[in-house]
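Visitor: Quick one: structure below, then a few questions.
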Amino acid sequence: MSRGTKWTIGAIAVIALAAVGAAAAVKVNGKTVDVRIEPVERRDLVASVTASGQVQPHTKVDLSSDISGRIVRLAVKEGDVVKKGQFLLQIDPATYEAAVDRSEAALAGARAQAAQAKANLIQARRTYERSAAIKAANPRLIADEQLEQQRTQTDVDSATQEAADYNVQQALAAVRDARGSLAKTTILAPMSGRITRLEVRQGETAIEGTLNKDAATLLTISDMSLLESKIKVDETDVAHISIGDSAIVQLDAFPDTTFVGRVTKIANSSMKTAAQAASNTTPTDQVVDYEVTVQLLNPPADTRPDFTATAKVVTDTRKNVLSIPIIALTVREHETLPNADTTVTLGRAPQSKKQVGRHDVEGVFVVGPDRKVMFRAVKVGIAGDKYFEVLSGLRVGERIVGGTYQAIRELKDGTPVREAKSDTAGSRS
């Protein structure tokens with residue numbers, strides 16, 4: 001076989017393969033895709049942020065003891081409603097009563113010493129004054145040295161009386177301290193509310209709260225008339241929440257009822273785990289949350305602390321605006337800028353190739369009169385539960401691909417589509 005003949009056969013084979021490939025490509029590209037088609041319509045949209053937390057009273061007091069001792073009387077139980085100033089419990093006062101007696105006896109002794117020091121000072125002054133008068137009348141009767149000694153004794157007695165007065169003040173302070181400790185053996189309610197936590201029993205020993213706050217807590221009084229939920233909001237959502245925003249709150253304990261709430265506080269610093277707080281660090285690979293306080297405006301009477309709550313905070317609303325299903329919005333690579341493929345070399349070790357300069361555009365697939373789709377860039381605004389607000393790129397009545405998610409991912413410009421009956425029925429229901 002000649003060389004010319006071989007070239008002719010090879011060319012024919014290449015052309016045949018190209019024709020087969022082109023036919024296959026036409027078949028693939030011409031495949032009709034079943035999708036859900038929806039018209040662009042006007043709707044009322046509500047943007048919201050949903051987060052969960054726990055119900056807590058706005059005001060509560062963790063009551064602990066300032067002294068140590070055995071509890072000899074406990075007058076309340078968990079769940080009781082108490083009034084401000086009501087007696088709660090008694091710590092054994094015997095040791096502190098004895099301390100009061102000792103301090104009062106010491107005060108009496110200090111006062112007696114002060115009285116004696118005062119009498120000595122008065123006598124010393126009178127003796128000095130008489131000697132000074134005699135010395136003035138007849139200088140030879142009283143020696144200068146004797147008069148000097150009497151004046152010195154007067155100064156000493158004056159200082160002694162001053163010291164005795166200070167001892168009296170010190171003893172008075174000791175009495176006040178002892179009486180204060182004795183008064184602390186009787187614990188009264190600092191506020192009105194409900195006993196929501198009772199950690200001790202009669203006969204147990206109370207310890208000072210300054211030693212260990214958690215272990216020293218005796219009971220908790222909560223004002224259940226004003227409740228709030230402290231929810232954890234992600235950093236990407238907290239910027240959209242403002243003080244005063246309304247919220248719909250659902251309590252797990254009342255699954256069939258929703259309650260109205262209002263945002264009253266937004267934390268300025270993020271919430272840290274116990275490990276982060278101990279190390280004073282915030283790892284960059286962990287989610288950053290902020291605490292947002294939502295006050296419940298109409299809580300049920302039998303709500304209890306630590307109930308799990310889910311709050312839906314309304315951040316924005318739109319009336320009668322163009323909207324598209326959230327699922328319809330997709331991202332496509334719009335263009336590649338110059339120098340898109342680069343190889344970064346550090347020293348002698350070449351790094352993996354990284355494409356830069358990609359420009360991604362958000363948009364939807366619009367269904368044309370010929371039932372073929374074309375990607376169109378769309379600018380969106382707030383997001384409701386199911387729909388995005390459309391700011392530009394679409395008109396009322398245009399038909400777009402609204403599902404399925406898998407179909408939207410695989411669509412390309414020019415792909416023919418047809419409306420899936422099951423999806424359409426589902427979207428209209």
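If you're wondering about the labels, chains in the structure tokens are A, B, ... by order shown, residues count from 1 in each chain, ligands from 1 in order shown.
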DSSP on the backbone, strand (DSSP E) only: what residues of region 157-217 of chain A does that give? Format it as a list in words.

Guide: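 The strand (DSSP E) residues within region 157-217 of chain A come out as Thr186, Ile187, Leu188, Gly193, Arg194, Ile195, Thr196, Arg197, Leu198, Thr205, Ala206 and Thr217 of chain A.
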
Visitor: Could the residues in this selection be saved with C-alpha atoms as a PDB file, in the first residue's frame?

Guide:
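Below is the file that was written, selection-v5.pdb:
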ATOM      1  CA  THR A 186     -30.701  35.088 109.867  1.00  0.00           C
ATOM      2  CA  ILE A 187     -31.197  35.187 106.086  1.00  0.00           C
ATOM      3  CA  LEU A 188     -34.139  37.150 104.694  1.00  0.00           C
ATOM      4  CA  GLY A 193     -40.102  36.174  93.676  1.00  0.00           C
ATOM      5  CA  ARG A 194     -40.139  32.409  93.473  1.00  0.00           C
ATOM      6  CA  ILE A 195     -37.630  29.951  94.901  1.00  0.00           C
ATOM      7  CA  THR A 196     -36.432  28.385  91.644  1.00  0.00           C
ATOM      8  CA  ARG A 197     -33.430  26.623  93.118  1.00  0.00           C
ATOM      9  CA  LEU A 198     -32.806  25.234  96.626  1.00  0.00           C
ATOM     10  CA  THR A 205     -23.420  23.398 106.755  1.00  0.00           C
ATOM     11  CA  ALA A 206     -23.382  26.674 104.894  1.00  0.00           C
ATOM     12  CA  THR A 217     -25.100  29.107  96.795  1.00  0.00           C
TER      13      THR A 217
END

Visitor: Find the spatial neighbours of Ser131 (chain A), counting only C-alpha atoms, within a cut-off of 12 Å - ignore same-chain residues fewer than 3 positions away - and output them as a list of chain:residue names.

Guide: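 Answer for this query is A:Ala124, A:Arg125, A:Arg126, A:Thr127, A:Tyr128, A:Ile134, A:Lys135, A:Ala136, A:Ala137, A:Asn138, A:Pro139, A:Arg140, A:Leu141, A:Ile142, A:Ala143, A:Asp144, A:Glu145, A:Gln146, A:Leu147, A:Glu148, A:Gln149, A:Gln150, A:Arg151.
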
Visitor: Can you list, as a PyMOL selection string, every residue of region 41-168 of chain A that DSSP puts in helix (DSSP H, G or I)?

Guide: chain A and resi 94-137+144-168

Visitor: Which of these residues is nearest to Ala117 (chain A), using only C-alpha atoms: A:Ser68, A:Ser103, A:Gln153, A:Ser158?

Guide: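 For Ala117 (chain A), the nearest of the given residues is A:Ser158.
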
Visitor: Quick one: everything within 7 Å of region 297-307 of chain A, counting only C-alpha atoms, minus sequence neighbours fewer than 3 positions away in the same chain. Send it as JSON, numbers by chain.

Guide: {"A": [54, 55, 56, 57, 251, 253, 259, 260, 261]}

Visitor: Those same residues - C-alpha atoms - I'd like them written as a PDB file, in the first residue's frame.

Guide:
ATOM      1  CA  GLN A  54     -32.952  29.128  77.184  1.00  0.00           C
ATOM      2  CA  VAL A  55     -35.557  31.034  79.139  1.00  0.00           C
ATOM      3  CA  GLN A  56     -34.224  32.980  82.106  1.00  0.00           C
ATOM      4  CA  PRO A  57     -35.809  35.531  84.441  1.00  0.00           C
ATOM      5  CA  LEU A 251     -40.976  27.051  73.769  1.00  0.00           C
ATOM      6  CA  ALA A 253     -42.549  22.862  76.579  1.00  0.00           C
ATOM      7  CA  PHE A 259     -45.247  33.843  71.921  1.00  0.00           C
ATOM      8  CA  VAL A 260     -44.309  37.394  71.062  1.00  0.00           C
ATOM      9  CA  GLY A 261     -40.884  38.774  71.974  1.00  0.00           C
TER      10      GLY A 261
END

Visitor: Output as a tab-separated table one row per residue of region 290-322 of chain A within 7 Å of region 264-273 of chain A: the closest atom pair and its distance in Å to one decimal place, counting only C-alpha atoms, sorted by chain and residue number ascending.

Guide:
residue	atom	partner	partner_atom	distance
A:Tyr290	CA	A:Ser270	CA	4.7
A:Glu291	CA	A:Ala267	CA	5.4
A:Val292	CA	A:Ile266	CA	4.6
A:Thr293	CA	A:Lys265	CA	5.0
A:Val294	CA	A:Thr264	CA	5.9
A:Gln295	CA	A:Thr264	CA	6.4

Visitor: As an exercise, work out the distance from CA of Leu45 (chain A) to CA of Val314 (chain A) in Å and give it to one decimal place.

Guide: 10.6 Å

Visitor: Name the closest residue to Pro325 (chain A) among the candidates A:Gln250, A:Thr404, A:Ser64, A:Thr236; distances are taken between atoms, counting only C-alpha atoms.

Guide: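 Distance minimum relative to Pro325 (chain A) lands on A:Thr404.
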
Visitor: Excluding Ser392 (chain A) and its own-chain neighbours fewer than 3 positions away, which residues fall within 10 Å of it when counting only C-alpha atoms? Please give them as a ChimeraX atom specification.

Guide: /A:322,377-381,389,395

Visitor: Those same residues - N, CA, C and O atoms - I'd like them written as a short mmCIF file (atom, residue, chain, number, x, y, z; two decimals), in the first residue's frame.

Guide:
data_model
loop_
_atom_site.label_atom_id
_atom_site.label_comp_id
_atom_site.auth_asym_id
_atom_site.auth_seq_id
_atom_site.Cartn_x
_atom_site.Cartn_y
_atom_site.Cartn_z
N LEU A 322 -40.89 42.15 43.73
CA LEU A 322 -40.56 41.01 42.88
C LEU A 322 -39.79 39.98 43.70
O LEU A 322 -38.92 40.33 44.50
N ALA A 377 -28.07 37.23 34.90
CA ALA A 377 -27.62 37.76 36.18
C ALA A 377 -28.76 38.50 36.86
O ALA A 377 -29.51 39.25 36.23
N VAL A 378 -28.87 38.29 38.17
CA VAL A 378 -29.94 38.89 38.96
C VAL A 378 -29.34 39.45 40.25
O VAL A 378 -28.49 38.80 40.88
N LYS A 379 -29.79 40.63 40.63
CA LYS A 379 -29.39 41.22 41.91
C LYS A 379 -30.54 41.04 42.90
O LYS A 379 -31.67 41.44 42.61
N VAL A 380 -30.23 40.43 44.06
CA VAL A 380 -31.27 40.13 45.03
C VAL A 380 -31.08 40.97 46.29
O VAL A 380 -29.99 41.48 46.57
N GLY A 381 -32.18 41.10 47.05
CA GLY A 381 -32.16 41.85 48.30
C GLY A 381 -32.32 40.92 49.49
O GLY A 381 -31.56 39.97 49.65
N GLU A 389 -35.89 38.61 47.46
CA GLU A 389 -36.33 39.84 46.83
C GLU A 389 -35.46 40.10 45.60
O GLU A 389 -34.24 39.97 45.66
N ARG A 395 -38.39 40.72 35.23
CA ARG A 395 -39.65 41.45 35.16
C ARG A 395 -40.79 40.54 35.59
O ARG A 395 -40.68 39.30 35.56
#

Visitor: When distances are computed from only C-alpha atoms, which of A:Arg376, A:Arg43, A:Arg371, A:Lys412 shows the smallest separation from Leu394 (chain A)?

Guide: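 Looking only at the distances to Leu394 (chain A), the closest residue turns out to be A:Arg376.
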